[in-house]
$ cat protein26.cif   # mmCIF, C-alpha atoms
data_work
#
loop_
_atom_site.label_atom_id
_atom_site.label_comp_id
_atom_site.auth_asym_id
_atom_site.auth_seq_id
_atom_site.Cartn_x
_atom_site.Cartn_y
_atom_site.Cartn_z
CA MET A 1 20.02 -61.25 -39.14
CA TRP A 2 18.01 -59.83 -42.02
CA GLY A 3 19.10 -56.33 -42.97
CA TYR A 4 22.49 -56.51 -41.25
CA ASN A 5 25.76 -56.35 -43.26
CA SER A 6 28.60 -58.24 -41.68
CA ARG A 7 31.93 -56.47 -41.42
CA THR A 8 35.41 -57.77 -40.94
CA GLY A 9 37.63 -56.11 -38.41
CA ALA A 10 36.81 -54.02 -35.38
CA ARG A 11 34.80 -50.83 -35.56
CA PRO A 12 36.75 -47.63 -34.98
CA ALA A 13 36.23 -46.16 -31.49
CA ARG A 14 33.77 -43.25 -31.29
CA ARG A 15 34.68 -40.33 -29.06
CA MET A 16 31.80 -38.70 -27.22
CA ALA A 17 31.78 -34.93 -27.67
CA LEU A 18 29.63 -32.38 -25.84
CA GLY A 19 27.63 -30.03 -28.00
CA VAL A 20 24.79 -27.50 -27.86
CA GLU A 21 21.91 -28.29 -30.15
CA GLY A 22 20.59 -25.57 -32.41
CA LEU A 23 23.64 -23.25 -32.30
CA ASP A 24 25.19 -22.19 -35.58
CA ILE A 25 28.97 -22.07 -35.87
CA LYS A 26 30.14 -18.47 -36.36
CA VAL A 27 32.86 -18.25 -38.98
CA LEU A 28 34.78 -14.99 -39.39
CA PRO A 29 35.56 -14.08 -43.02
CA GLY A 30 39.04 -15.17 -44.00
CA ALA A 31 39.70 -16.74 -40.62
CA VAL A 32 40.91 -20.29 -40.14
CA GLY A 33 40.91 -22.08 -36.83
CA PRO A 34 38.83 -24.17 -34.45
CA PRO A 35 35.40 -22.90 -33.33
CA LEU A 36 35.25 -21.51 -29.79
CA GLY A 37 31.91 -23.02 -28.88
CA PRO A 38 28.91 -21.20 -27.39
CA TYR A 39 28.77 -18.35 -24.92
CA LEU A 40 25.97 -17.08 -22.69
CA ALA A 41 24.28 -13.86 -23.78
CA ALA A 42 22.87 -12.45 -20.53
CA ALA A 43 19.62 -10.47 -20.39
CA THR A 44 18.31 -11.79 -23.71
CA SER A 45 15.50 -14.06 -22.47
CA LEU A 46 13.01 -14.38 -19.63
CA PRO A 47 14.52 -15.55 -16.33
CA LYS A 48 14.44 -19.28 -15.72
CA VAL A 49 12.31 -20.12 -12.69
CA THR A 50 14.02 -22.83 -10.67
CA SER A 51 11.40 -23.64 -7.99
CA LEU A 52 8.02 -25.32 -8.24
CA GLN A 53 4.78 -23.41 -7.74
CA THR A 54 2.75 -24.28 -4.65
CA ILE A 55 -1.00 -24.61 -5.13
CA VAL A 56 -3.16 -23.95 -2.05
CA ASP A 57 -6.82 -24.15 -1.09
CA PRO A 58 -8.09 -20.53 -1.35
CA HIS A 59 -10.56 -21.01 1.51
CA PHE A 60 -7.86 -21.85 4.04
CA ALA A 61 -5.21 -19.57 2.53
CA ILE A 62 -7.44 -16.48 2.69
CA ASN A 63 -8.43 -17.30 6.27
CA ASP A 64 -4.83 -17.76 7.38
CA PHE A 65 -3.62 -14.59 5.70
CA LEU A 66 -6.42 -12.37 7.03
CA SER A 67 -6.05 -13.83 10.53
CA GLY A 68 -2.38 -12.87 10.49
CA GLN A 69 -3.11 -9.33 9.30
CA LEU A 70 -6.39 -8.46 11.04
CA GLY A 71 -5.72 -10.19 14.34
CA SER A 72 -6.92 -13.29 16.13
CA ALA A 73 -10.43 -11.86 16.57
CA VAL A 74 -11.03 -12.75 12.93
CA ASN A 75 -10.92 -16.43 13.86
CA GLY A 76 -14.28 -16.05 15.61
CA VAL A 77 -15.68 -14.22 12.59
CA GLN A 78 -14.58 -17.06 10.35
CA GLN A 79 -16.22 -19.64 12.60
CA GLN A 80 -19.47 -17.67 12.71
CA ALA A 81 -19.43 -17.34 8.92
CA GLU A 82 -19.15 -21.11 8.65
CA LEU A 83 -21.93 -21.77 11.18
CA GLN A 84 -24.29 -19.26 9.56
CA GLY A 85 -23.66 -20.56 6.05
CA ALA A 86 -22.58 -17.08 4.97
CA ALA A 87 -21.12 -18.38 1.71
CA GLU A 88 -24.58 -19.45 0.60
CA HIS A 89 -26.18 -16.04 1.21
CA ASN A 90 -23.58 -13.58 -0.13
CA LEU A 91 -24.14 -13.24 -3.87
CA VAL A 92 -21.18 -10.90 -4.41
CA ALA A 93 -18.64 -13.03 -2.53
CA ASN A 94 -19.86 -16.15 -4.32
CA GLN A 95 -19.44 -14.57 -7.73
CA VAL A 96 -16.00 -13.20 -6.84
CA VAL A 97 -14.58 -16.50 -5.62
CA SER A 98 -16.08 -18.45 -8.52
CA GLN A 99 -14.53 -16.11 -11.11
CA PRO A 100 -11.88 -18.35 -12.77
CA PHE A 101 -8.98 -15.87 -12.83
CA ILE A 102 -9.55 -14.72 -9.25
CA HIS A 103 -9.83 -18.30 -8.04
CA ALA A 104 -6.58 -19.15 -9.83
CA VAL A 105 -4.70 -16.19 -8.32
CA LEU A 106 -5.97 -17.02 -4.84
CA SER A 107 -4.93 -20.66 -5.34
CA ARG A 108 -1.22 -19.80 -5.55
CA GLN A 109 1.01 -19.43 -2.53
CA ASP A 110 3.00 -16.86 -4.54
CA THR A 111 0.09 -14.42 -4.13
CA TYR A 112 0.21 -14.51 -0.32
CA THR A 113 4.02 -14.47 -0.19
CA LEU A 114 4.22 -11.31 -2.30
CA LEU A 115 1.28 -9.64 -0.54
CA GLY A 116 2.79 -10.27 2.88
CA LEU A 117 6.08 -8.72 1.76
CA ALA A 118 4.27 -5.71 0.27
CA VAL A 119 2.32 -5.09 3.47
CA SER A 120 5.44 -5.36 5.64
CA ALA A 121 7.35 -3.01 3.32
CA THR A 122 5.79 -0.03 5.12
CA ASP A 123 7.57 -1.10 8.35
CA GLY A 124 4.31 -1.76 10.14
CA ALA A 125 3.00 1.78 9.69
CA LEU A 126 -0.40 0.41 8.63
CA SER A 127 -0.52 -2.47 11.09
CA GLY A 128 -2.81 -0.48 13.40
CA VAL A 129 -5.25 0.06 10.56
CA TYR A 130 -5.66 -3.65 9.98
CA SER A 131 -5.31 -4.98 13.53
CA ALA A 132 -8.09 -2.64 14.68
CA THR A 133 -10.43 -4.08 12.04
CA GLY A 134 -10.64 -7.62 13.45
CA PRO A 135 -12.18 -6.75 16.86
CA ILE A 136 -14.78 -4.47 15.25
CA LEU A 137 -15.76 -7.29 12.89
CA ALA A 138 -16.25 -9.58 15.88
CA ASN A 139 -18.43 -6.97 17.60
CA ALA A 140 -20.41 -6.45 14.39
CA LEU A 141 -21.51 -10.08 14.55
CA LEU A 142 -22.59 -9.71 18.20
CA THR A 143 -24.61 -6.53 17.64
CA GLY A 144 -25.86 -7.09 14.11
CA SER A 145 -28.93 -8.63 12.49
CA PHE A 146 -29.45 -9.80 8.93
CA HIS A 147 -31.39 -7.61 6.49
CA ALA A 148 -32.56 -8.47 2.99
CA GLY A 149 -30.46 -6.82 0.32
CA PRO A 150 -31.89 -5.09 -2.76
CA ASN A 151 -32.06 -6.48 -6.25
CA ALA A 152 -29.14 -5.65 -8.53
CA PRO A 153 -30.38 -4.07 -11.78
CA ARG A 154 -27.72 -3.20 -14.34
CA GLU A 155 -28.61 0.49 -14.56
CA ILE A 156 -28.01 1.29 -10.86
CA PRO A 157 -24.42 2.53 -10.18
CA GLY A 158 -22.69 -0.04 -8.03
CA LEU A 159 -25.41 -2.68 -8.15
CA GLY A 160 -24.87 -3.10 -11.90
CA LEU A 161 -21.38 -4.42 -11.19
CA VAL A 162 -22.85 -7.80 -10.19
CA SER A 163 -23.84 -8.33 -13.82
CA ALA A 164 -20.59 -6.80 -15.10
CA LEU A 165 -18.51 -9.25 -13.05
CA ALA A 166 -20.41 -12.17 -14.53
CA HIS A 167 -20.66 -11.06 -18.16
CA ASN A 168 -18.07 -8.41 -19.11
CA HIS A 169 -15.06 -10.76 -19.01
CA ASN A 170 -12.68 -8.04 -17.80
CA PHE A 171 -10.38 -10.47 -16.00
CA PRO A 172 -7.77 -12.37 -18.05
CA ASN A 173 -8.29 -15.99 -18.99
CA ALA A 174 -7.53 -18.21 -16.00
CA HIS A 175 -5.53 -20.55 -18.23
CA THR A 176 -3.22 -17.79 -19.47
CA SER A 177 0.12 -18.58 -17.87
CA SER A 178 1.71 -15.13 -18.27
CA TRP A 179 0.48 -13.68 -14.98
CA PHE A 180 1.17 -16.82 -13.00
CA TYR A 181 4.68 -16.97 -14.41
CA ALA A 182 5.11 -13.30 -13.46
CA LEU A 183 4.00 -14.01 -9.88
CA HIS A 184 6.24 -17.04 -9.51
CA ASN A 185 9.20 -15.29 -11.09
CA ALA A 186 8.80 -12.38 -8.63
CA VAL A 187 8.89 -14.85 -5.73
CA ASP A 188 11.73 -16.92 -7.18
CA ARG A 189 13.93 -13.86 -7.72
CA GLN A 190 12.90 -12.39 -4.35
CA VAL A 191 12.21 -9.00 -5.88
CA PHE A 192 10.16 -7.84 -2.89
CA ASN A 193 12.93 -8.58 -0.41
CA LEU A 194 13.87 -4.93 -0.51
CA SER A 195 17.38 -3.53 -0.39
CA ASP A 196 18.17 -0.44 1.66
CA THR A 197 17.75 1.70 -1.45
CA GLN A 198 14.35 0.22 -2.27
CA ALA A 199 13.21 0.45 1.35
CA ASN A 200 14.12 4.13 1.31
CA LEU A 201 12.03 4.61 -1.84
CA VAL A 202 9.06 2.96 -0.14
CA SER A 203 9.49 5.08 2.99
CA LYS A 204 9.58 8.32 1.00
CA GLY A 205 6.70 7.20 -1.22
CA PHE A 206 4.58 6.23 1.77
CA THR A 207 5.13 9.62 3.39
CA GLN A 208 4.22 11.33 0.12
CA PHE A 209 1.07 9.21 -0.12
CA LEU A 210 -0.07 10.11 3.40
CA ASN A 211 0.58 13.81 2.83
CA GLN A 212 -1.36 13.75 -0.43
CA VAL A 213 -4.29 11.89 1.12
CA THR A 214 -4.32 14.40 4.00
CA ALA A 215 -4.50 17.31 1.56
CA LEU A 216 -7.25 15.66 -0.48
CA ASP A 217 -9.23 14.74 2.63
CA GLN A 218 -9.03 18.26 4.05
CA ALA A 219 -10.17 19.65 0.70
CA GLY A 220 -13.24 17.40 0.76
CA THR A 221 -12.18 15.49 -2.35
CA PHE A 222 -13.15 12.11 -0.90
CA ASN A 223 -16.57 13.42 0.20
CA PRO A 224 -17.99 15.38 -2.77
CA ALA A 225 -21.31 17.17 -2.19
CA VAL A 226 -22.77 15.48 -5.27
CA PRO A 227 -21.99 11.81 -6.03
CA PRO A 228 -19.73 11.52 -9.09
CA PRO A 229 -21.35 10.12 -12.23
CA ALA A 230 -20.91 6.41 -12.88
CA VAL A 231 -17.83 5.58 -14.91
CA PRO A 232 -18.04 3.84 -18.31
CA LEU A 233 -17.59 0.12 -17.76
CA PRO A 234 -14.46 -1.30 -19.43
CA LYS A 235 -14.97 -3.74 -22.28
CA GLY A 236 -13.05 -6.96 -22.78
CA GLN A 237 -10.01 -8.27 -20.95
CA LEU A 238 -7.80 -5.85 -19.02
CA ASN A 239 -4.34 -7.33 -19.33
CA GLY A 240 -2.04 -4.40 -18.58
CA THR A 241 -1.36 -4.57 -14.83
CA LEU A 242 -2.18 -6.81 -11.87
CA TYR A 243 -2.61 -5.19 -8.44
CA VAL A 244 -3.18 -7.46 -5.42
CA SER A 245 -3.80 -5.72 -2.11
CA LEU A 246 -4.87 -6.07 1.50
CA GLY A 247 -7.84 -3.80 2.13
CA ALA A 248 -9.71 -2.41 5.11
CA VAL A 249 -13.08 -0.62 4.98
CA ARG A 250 -14.46 1.44 7.84
CA ASP A 251 -17.33 3.93 7.84
CA LEU A 252 -19.23 3.73 11.13
CA ALA A 253 -22.08 5.96 12.29
CA SER A 254 -22.81 4.06 15.51
CA VAL A 255 -19.61 4.96 17.33
CA ASN A 256 -17.83 8.02 18.66
CA PRO A 257 -17.23 10.28 15.60
CA ALA A 258 -13.50 10.22 16.31
CA LEU A 259 -13.51 6.47 15.61
CA SER A 260 -15.82 6.40 12.60
CA GLY A 261 -13.02 5.75 10.14
CA LEU A 262 -9.65 4.08 9.75
CA PRO A 263 -6.80 5.31 12.01
CA LEU A 264 -4.40 6.33 9.24
CA PRO A 265 -0.99 7.75 10.23
CA VAL A 266 -0.74 11.51 9.53
CA VAL A 267 -4.24 11.55 7.99
CA GLY A 268 -6.09 10.66 11.20
CA ASN A 269 -9.66 9.36 11.13
CA PHE A 270 -10.32 8.35 7.50
CA GLU A 271 -13.79 7.17 6.50
CA GLY A 272 -13.54 4.85 3.53
CA ARG A 273 -11.12 2.21 2.30
CA ILE A 274 -7.33 1.81 2.38
CA ASP A 275 -5.29 -0.71 0.36
CA VAL A 276 -1.62 -1.66 0.23
CA GLY A 277 -0.19 -4.34 -2.03
CA PHE A 278 2.05 -5.25 -4.93
CA VAL A 279 1.61 -4.34 -8.57
CA LEU A 280 3.12 -5.95 -11.68
CA ASP A 281 2.85 -5.53 -15.42
CA LEU A 282 3.59 -8.10 -18.11
CA ALA A 283 6.80 -6.29 -19.06
CA GLY A 284 8.13 -7.18 -15.60
CA ASP A 285 7.95 -3.78 -13.89
CA PHE A 286 7.01 -4.14 -10.23
CA GLY A 287 6.33 -1.95 -7.23
CA ILE A 288 4.33 -1.25 -4.08
CA ALA A 289 0.92 0.39 -4.54
CA LEU A 290 -1.19 2.33 -2.03
CA THR A 291 -4.82 3.38 -2.48
CA ALA A 292 -7.28 5.47 -0.45
CA ARG A 293 -10.97 5.65 -1.35
CA GLY A 294 -13.72 7.71 0.20
CA PRO A 295 -17.23 6.41 0.97
CA LEU A 296 -19.46 5.19 -1.85
CA THR A 297 -22.52 7.42 -2.17
CA GLY A 298 -25.61 7.84 -4.33
CA ALA A 299 -27.77 5.00 -2.99
CA PRO A 300 -31.34 5.91 -1.89
CA PRO A 301 -31.72 6.50 1.88
CA GLY A 302 -32.54 3.39 3.86
CA VAL A 303 -31.32 0.93 1.22
CA THR A 304 -27.72 0.67 2.41
CA SER A 305 -26.48 0.29 5.98
CA VAL A 306 -25.15 3.12 8.14
CA ASN A 307 -22.17 1.02 9.27
CA GLU A 308 -19.61 -0.63 7.01
CA ILE A 309 -16.60 -2.60 8.20
CA ALA A 310 -14.49 -5.13 6.28
CA GLY A 311 -11.06 -6.63 5.81
CA ASP A 312 -10.31 -8.39 2.54
CA ILE A 313 -7.98 -9.24 -0.32
CA ARG A 314 -8.57 -7.38 -3.58
CA ILE A 315 -7.45 -8.37 -7.07
CA GLU A 316 -7.51 -5.59 -9.65
CA VAL A 317 -6.56 -5.55 -13.33
CA SER A 318 -6.23 -2.60 -15.70
CA ASN A 319 -5.48 -1.60 -19.29
CA ALA A 320 -2.56 0.61 -18.20
CA GLN A 321 0.56 0.50 -20.35
CA ASN A 322 2.77 0.43 -17.25
CA ILE A 323 2.38 0.48 -13.48
CA SER A 324 3.01 4.24 -13.21
CA ASP A 325 -0.13 4.91 -15.28
CA LEU A 326 -2.15 3.91 -12.20
CA ASN A 327 -1.04 7.03 -10.28
CA GLY A 328 -3.52 9.74 -9.41
CA LEU A 329 -7.19 10.42 -8.77
CA SER A 330 -9.95 8.33 -10.28
CA THR A 331 -13.72 8.14 -10.20
CA VAL A 332 -14.92 4.86 -8.72
CA GLU A 333 -18.08 2.81 -8.97
CA GLY A 334 -18.33 0.08 -6.36
CA LEU A 335 -20.34 -2.40 -4.34
CA ASN A 336 -19.51 -4.06 -1.00
CA GLN A 337 -21.71 -6.66 0.69
CA GLY A 338 -20.77 -7.91 4.14
CA ALA A 339 -22.64 -10.70 5.91
CA SER A 340 -19.80 -12.23 7.95
CA LEU A 341 -18.26 -13.18 4.63
CA SER A 342 -17.74 -10.11 2.44
CA GLY A 343 -17.48 -9.54 -1.27
CA GLY A 344 -16.84 -6.43 -3.32
CA VAL A 345 -16.63 -5.31 -6.94
CA GLU A 346 -15.15 -2.02 -8.13
CA THR A 347 -14.33 -0.29 -11.39
CA SER A 348 -12.60 3.05 -11.88
CA ARG A 349 -11.53 5.49 -14.56
CA LEU A 350 -8.42 7.64 -14.07
CA ARG A 351 -8.04 11.08 -15.60
CA ASN A 352 -5.51 9.68 -18.09
CA GLY A 353 -8.18 7.32 -19.44
CA VAL A 354 -6.94 4.14 -17.77
CA SER A 355 -9.70 1.76 -16.67
CA THR A 356 -9.51 -0.72 -13.80
CA PHE A 357 -11.73 -3.56 -12.66
CA GLY A 358 -11.31 -5.30 -9.32
CA ALA A 359 -12.99 -7.69 -6.93
CA SER A 360 -12.40 -8.50 -3.27
CA VAL A 361 -13.24 -11.25 -0.81
CA GLY A 362 -12.84 -11.38 2.96
CA TYR A 363 -14.91 -10.72 6.08
CA GLY A 364 -17.21 -7.81 6.84
CA ALA A 365 -20.60 -6.36 7.74
CA GLY A 366 -22.81 -3.82 6.00
CA LEU A 367 -23.87 -2.86 2.49
CA GLU A 368 -22.62 0.09 0.46
CA TYR A 369 -22.82 0.86 -3.23
CA GLY A 370 -22.60 3.85 -5.52
CA THR A 371 -19.78 6.09 -6.69
CA GLY A 372 -16.81 7.77 -5.03
CA VAL A 373 -13.30 9.13 -5.43
CA GLU A 374 -10.05 7.19 -5.13
CA TYR A 375 -6.36 8.11 -5.03
CA THR A 376 -3.56 5.66 -5.91
CA GLN A 377 0.19 6.00 -5.65
CA VAL A 378 2.61 3.46 -7.13
CA ILE A 379 6.19 3.21 -5.90
CA PRO A 380 8.22 1.60 -8.75
CA LEU A 381 11.00 -0.69 -7.52
CA GLY A 382 12.48 -2.25 -10.67
CA ASN A 383 11.89 -4.91 -13.28
CA ALA A 384 11.56 -8.58 -12.34
CA TYR A 385 12.86 -9.73 -15.75
CA ALA A 386 15.96 -7.51 -15.80
CA LEU A 387 19.52 -8.75 -15.39
CA ILE A 388 19.56 -6.98 -12.01
CA PRO A 389 15.88 -6.48 -11.04
CA GLU A 390 16.62 -3.48 -8.81
CA PHE A 391 18.60 -1.71 -11.54
CA PRO A 392 16.97 -2.30 -14.94
CA ALA A 393 18.26 -0.57 -18.04
CA GLN A 394 16.77 2.86 -18.61
CA SER A 395 14.54 3.01 -21.67
#
$ encode --input "protein26.cif" --output "structure tokens"
Amino acid sequence: MWGYNSRTGARPARRMALGVEGLDIKVLPGAVGPPLGPYLAAATSLPKVTSLQTIVDPHFAINDFLSGQLGSAVNGVQQQAELQGAAEHNLVANQVVSQPFIHAVLSRQDTYTLLGLAVSATDGALSGVYSATGPILANALLTGSFHAGPNAPREIPGLGLVSALAHNHNFPNAHTSSWFYALHNAVDRQVFNLSDTQANLVSKGFTQFLNQVTALDQAGTFNPAVPPPAVPLPKGQLNGTLYVSLGAVRDLASVNPALSGLPLPVVGNFEGRIDVGFVLDLAGDFGIALTARGPLTGAPPGVTSVNEIAGDIRIEVSNAQNISDLNGLSTVEGLNQGASLSGGVETSRLRNGVSTFGASVGYGAGLEYGTGVEYTQVIPLGNAYALIPEFPAQS
């Protein structure tokens, strides 16, 4: 054959040897002897994720999750929303779901797995808050009628967030894999399957949160006499933290005053919004987050509704350097539109200068917009990229 040199005699046998590509042989000065071969240097790279991500249909996944948390009464609300074509009439919810990053987060089973674990981490202490929301939503459909909503000019606090959601590009790029790797890594390493030590931290943190909210509520912090000024809108992508939560909104004027708000443990009747969920940053720090927000005020009389009720999933990003920077009081600007299907947009500025931007989708009734006051507490639980996630090295 052309190009082949014939040889006499048999070829020497070749012994197959295992090797690791790309590793340099370490030679000690003045030392003679065979190389040892490679060793594993633990905690020097990102964890290797061993399972495949599961992609889900957000429409069905959101329905299933909220039904499990808010109670079976939500099933009727979902059916009514479908029959009434609510998705076609709710501008806010449409914009939220069509936002690429939000749609991508809600398309991953990891999101619902972690959120379910975060909600259950409080040992069911908030279950009454959420389970009581479903029946009221069902009654809202029976007793409610549709009203035309206002226009949404940019200069009106709350209403201007419709434009901000569409044009300010505060959410990360949907094709950026960092957050989706972080979510899947947290599931794969089971970082929210809490040990006794972590569960104790959550229990103490939850008690501290309720006591702080009680003190703030009694001091009138969540119901200021004058609506707070609108916060400066953040510019560009907020890629510091990701906070995904289950939320409930309740501010009802057409019921017994003792039932106008959410039945929070310790706090009692709380008019406004409560959230519980998981929070991550790109460095791998993770924890449980809790948020209480008072009513949104500042809208002209007769423009908003006197009753607001909703249950939803909220996705919030921030420019915080770490998850603990989200702690404390913040001024909030928000908008919630409920017409069977509900959608919300919210931005806040903490006293330490951290900005957040979030959006929610779920089921609800009523319209509220304006400004308010919010309190968040983060319970750090470790680092998902550490050698032992529960016990990361101290920096």
$ atom_distance --input "protein26.cif" --atom1 "atom CA of Pro380 of chain A" --atom2 "atom CA of Val105 of chain A"
22.0 Å
$ atom_distance --input "protein26.cif" --atom1 "atom CA of Gly116 of chain A" --atom2 "atom CA of Leu282 of chain A"
21.1 Å
$ residues_around --input "protein26.cif" --residues "Leu238 of chain A" --least-positions-apart "6" --cutoff "12 Å" --atoms "all atoms listed in the file" --output "ChimeraX atom specification"
/A:101,168-173,281-282,316-321,347,354-358
$ closest_residue --input "protein26.cif" --among "A:Asp217, A:Asp188, A:Asp196, A:Glu368" --to "Val249 of chain A" --atoms "only C-alpha atoms"
A:Glu368
$ resolve_selection --input "protein26.cif" --expression "the PyMOL selection byres ((chain A and resi 367) around 7)" --output "VMD selection string"
chain A and resid 304 to 305 308 336 to 338 366 368 to 369
$ resolve_selection --input "protein26.cif" --expression "the PyMOL selection byres ((chain A and resi 280) around 7)" --output "mmCIF file with C-alpha atoms, keeping the file's coordinate frame"
data_model
loop_
_atom_site.group_PDB
_atom_site.id
_atom_site.type_symbol
_atom_site.label_atom_id
_atom_site.label_comp_id
_atom_site.auth_asym_id
_atom_site.auth_seq_id
_atom_site.Cartn_x
_atom_site.Cartn_y
_atom_site.Cartn_z
ATOM 1 C CA THR A 241 -1.360 -4.570 -14.830
ATOM 2 C CA LEU A 242 -2.180 -6.810 -11.870
ATOM 3 C CA TYR A 243 -2.610 -5.190 -8.440
ATOM 4 C CA PHE A 278 2.050 -5.250 -4.930
ATOM 5 C CA VAL A 279 1.610 -4.340 -8.570
ATOM 6 C CA ASP A 281 2.850 -5.530 -15.420
ATOM 7 C CA LEU A 282 3.590 -8.100 -18.110
ATOM 8 C CA GLY A 284 8.130 -7.180 -15.600
ATOM 9 C CA ASP A 285 7.950 -3.780 -13.890
ATOM 10 C CA PHE A 286 7.010 -4.140 -10.230
ATOM 11 C CA GLY A 287 6.330 -1.950 -7.230
ATOM 12 C CA ILE A 323 2.380 0.480 -13.480
#
$ axis_aligned_box --input "protein26.cif" --around "segment 159-177 of chain A" --padding-each-side "3 Å" --output "lines of an AutoDock Vina configuration file"
center_x = -12.6
center_y = -11.6
center_z = -13.8
size_x = 31.5
size_y = 23.9
size_z = 17.3
$ atom_distance --input "protein26.cif" --atom1 "atom CA of Gly294 of chain A" --atom2 "atom CA of Gly144 of chain A"
23.7 Å
$ residues_near_point --input "protein26.cif" --point "(-8.1, -2.7, 12.7)" --cutoff "12 Å" --atoms "all atoms listed in the file" --output "PyMOL selection string"
chain A and resi 66-74+126-138+247-250+259-264+273-274+309-312+364
$ write_last_selection --input "protein26.cif" --atoms "C-alpha atoms" --output "compact mmCIF listing (two decimals), keeping the file's coordinate frame"
# COMPACT_ATOMS: atom_id res chain seq x y z
CA LEU A 66 -6.42 -12.37 7.03
CA SER A 67 -6.05 -13.83 10.53
CA GLY A 68 -2.38 -12.87 10.49
CA GLN A 69 -3.11 -9.33 9.30
CA LEU A 70 -6.39 -8.46 11.04
CA GLY A 71 -5.72 -10.19 14.34
CA SER A 72 -6.92 -13.29 16.13
CA ALA A 73 -10.43 -11.86 16.57
CA VAL A 74 -11.03 -12.75 12.93
CA LEU A 126 -0.40 0.41 8.63
CA SER A 127 -0.52 -2.47 11.09
CA GLY A 128 -2.81 -0.48 13.40
CA VAL A 129 -5.25 0.06 10.56
CA TYR A 130 -5.66 -3.65 9.98
CA SER A 131 -5.31 -4.98 13.53
CA ALA A 132 -8.09 -2.64 14.68
CA THR A 133 -10.43 -4.08 12.04
CA GLY A 134 -10.64 -7.62 13.45
CA PRO A 135 -12.18 -6.75 16.86
CA ILE A 136 -14.78 -4.47 15.25
CA LEU A 137 -15.76 -7.29 12.89
CA ALA A 138 -16.25 -9.58 15.88
CA GLY A 247 -7.84 -3.80 2.13
CA ALA A 248 -9.71 -2.41 5.11
CA VAL A 249 -13.08 -0.62 4.98
CA ARG A 250 -14.46 1.44 7.84
CA LEU A 259 -13.51 6.47 15.61
CA SER A 260 -15.82 6.40 12.60
CA GLY A 261 -13.02 5.75 10.14
CA LEU A 262 -9.65 4.08 9.75
CA PRO A 263 -6.80 5.31 12.01
CA LEU A 264 -4.40 6.33 9.24
CA ARG A 273 -11.12 2.21 2.30
CA ILE A 274 -7.33 1.81 2.38
CA ILE A 309 -16.60 -2.60 8.20
CA ALA A 310 -14.49 -5.13 6.28
CA GLY A 311 -11.06 -6.63 5.81
CA ASP A 312 -10.31 -8.39 2.54
CA GLY A 364 -17.21 -7.81 6.84
$ resolve_selection --input "protein26.cif" --expression "the PyMOL selection byres ((chain A and resi 38-44) around 7)" --output "PyMOL selection string"
chain A and resi 36-37+45+386-387
$ write_last_selection --input "protein26.cif" --atoms "C-alpha atoms" --output "PDB file, keeping the file's coordinate frame"
ATOM      1  CA  LEU A  36      35.250 -21.510 -29.790  1.00  0.00           C
ATOM      2  CA  GLY A  37      31.910 -23.020 -28.880  1.00  0.00           C
ATOM      3  CA  SER A  45      15.500 -14.060 -22.470  1.00  0.00           C
ATOM      4  CA  ALA A 386      15.960  -7.510 -15.800  1.00  0.00           C
ATOM      5  CA  LEU A 387      19.520  -8.750 -15.390  1.00  0.00           C
TER       6      LEU A 387
END
$ residues_around --input "protein26.cif" --residues "segment 190-195 of chain A" --least-positions-apart "2" --cutoff "9 Å" --atoms "all atoms listed in the file" --output "JSON, numbers by chain"
{"A": [114, 117, 118, 121, 185, 186, 187, 188, 197, 198, 199, 200, 278, 286, 287, 288, 381, 382, 383, 384, 389, 390]}
$ write_last_selection --input "protein26.cif" --atoms "C-alpha atoms" --output "PDB file, keeping the file's coordinate frame"
ATOM      1  CA  LEU A 114       4.220 -11.310  -2.300  1.00  0.00           C
ATOM      2  CA  LEU A 117       6.080  -8.720   1.760  1.00  0.00           C
ATOM      3  CA  ALA A 118       4.270  -5.710   0.270  1.00  0.00           C
ATOM      4  CA  ALA A 121       7.350  -3.010   3.320  1.00  0.00           C
ATOM      5  CA  ASN A 185       9.200 -15.290 -11.090  1.00  0.00           C
ATOM      6  CA  ALA A 186       8.800 -12.380  -8.630  1.00  0.00           C
ATOM      7  CA  VAL A 187       8.890 -14.850  -5.730  1.00  0.00           C
ATOM      8  CA  ASP A 188      11.730 -16.920  -7.180  1.00  0.00           C
ATOM      9  CA  THR A 197      17.750   1.700  -1.450  1.00  0.00           C
ATOM     10  CA  GLN A 198      14.350   0.220  -2.270  1.00  0.00           C
ATOM     11  CA  ALA A 199      13.210   0.450   1.350  1.00  0.00           C
ATOM     12  CA  ASN A 200      14.120   4.130   1.310  1.00  0.00           C
ATOM     13  CA  PHE A 278       2.050  -5.250  -4.930  1.00  0.00           C
ATOM     14  CA  PHE A 286       7.010  -4.140 -10.230  1.00  0.00           C
ATOM     15  CA  GLY A 287       6.330  -1.950  -7.230  1.00  0.00           C
ATOM     16  CA  ILE A 288       4.330  -1.250  -4.080  1.00  0.00           C
ATOM     17  CA  LEU A 381      11.000  -0.690  -7.520  1.00  0.00           C
ATOM     18  CA  GLY A 382      12.480  -2.250 -10.670  1.00  0.00           C
ATOM     19  CA  ASN A 383      11.890  -4.910 -13.280  1.00  0.00           C
ATOM     20  CA  ALA A 384      11.560  -8.580 -12.340  1.00  0.00           C
ATOM     21  CA  PRO A 389      15.880  -6.480 -11.040  1.00  0.00           C
ATOM     22  CA  GLU A 390      16.620  -3.480  -8.810  1.00  0.00           C
TER      23      GLU A 390
END
$ residues_around --input "protein26.cif" --residues "Gln109 of chain A" --least-positions-apart "5" --cutoff "12 Å" --atoms "all atoms listed in the file" --output "ChimeraX atom specification"
/A:52-58,60-62,64-65,104,114-116,180,183-184,187-188
$ closest_residue --input "protein26.cif" --among "A:Ala182, A:Val332, A:Ala93, A:Val306" --to "Val49 of chain A" --atoms "only C-alpha atoms"
A:Ala182
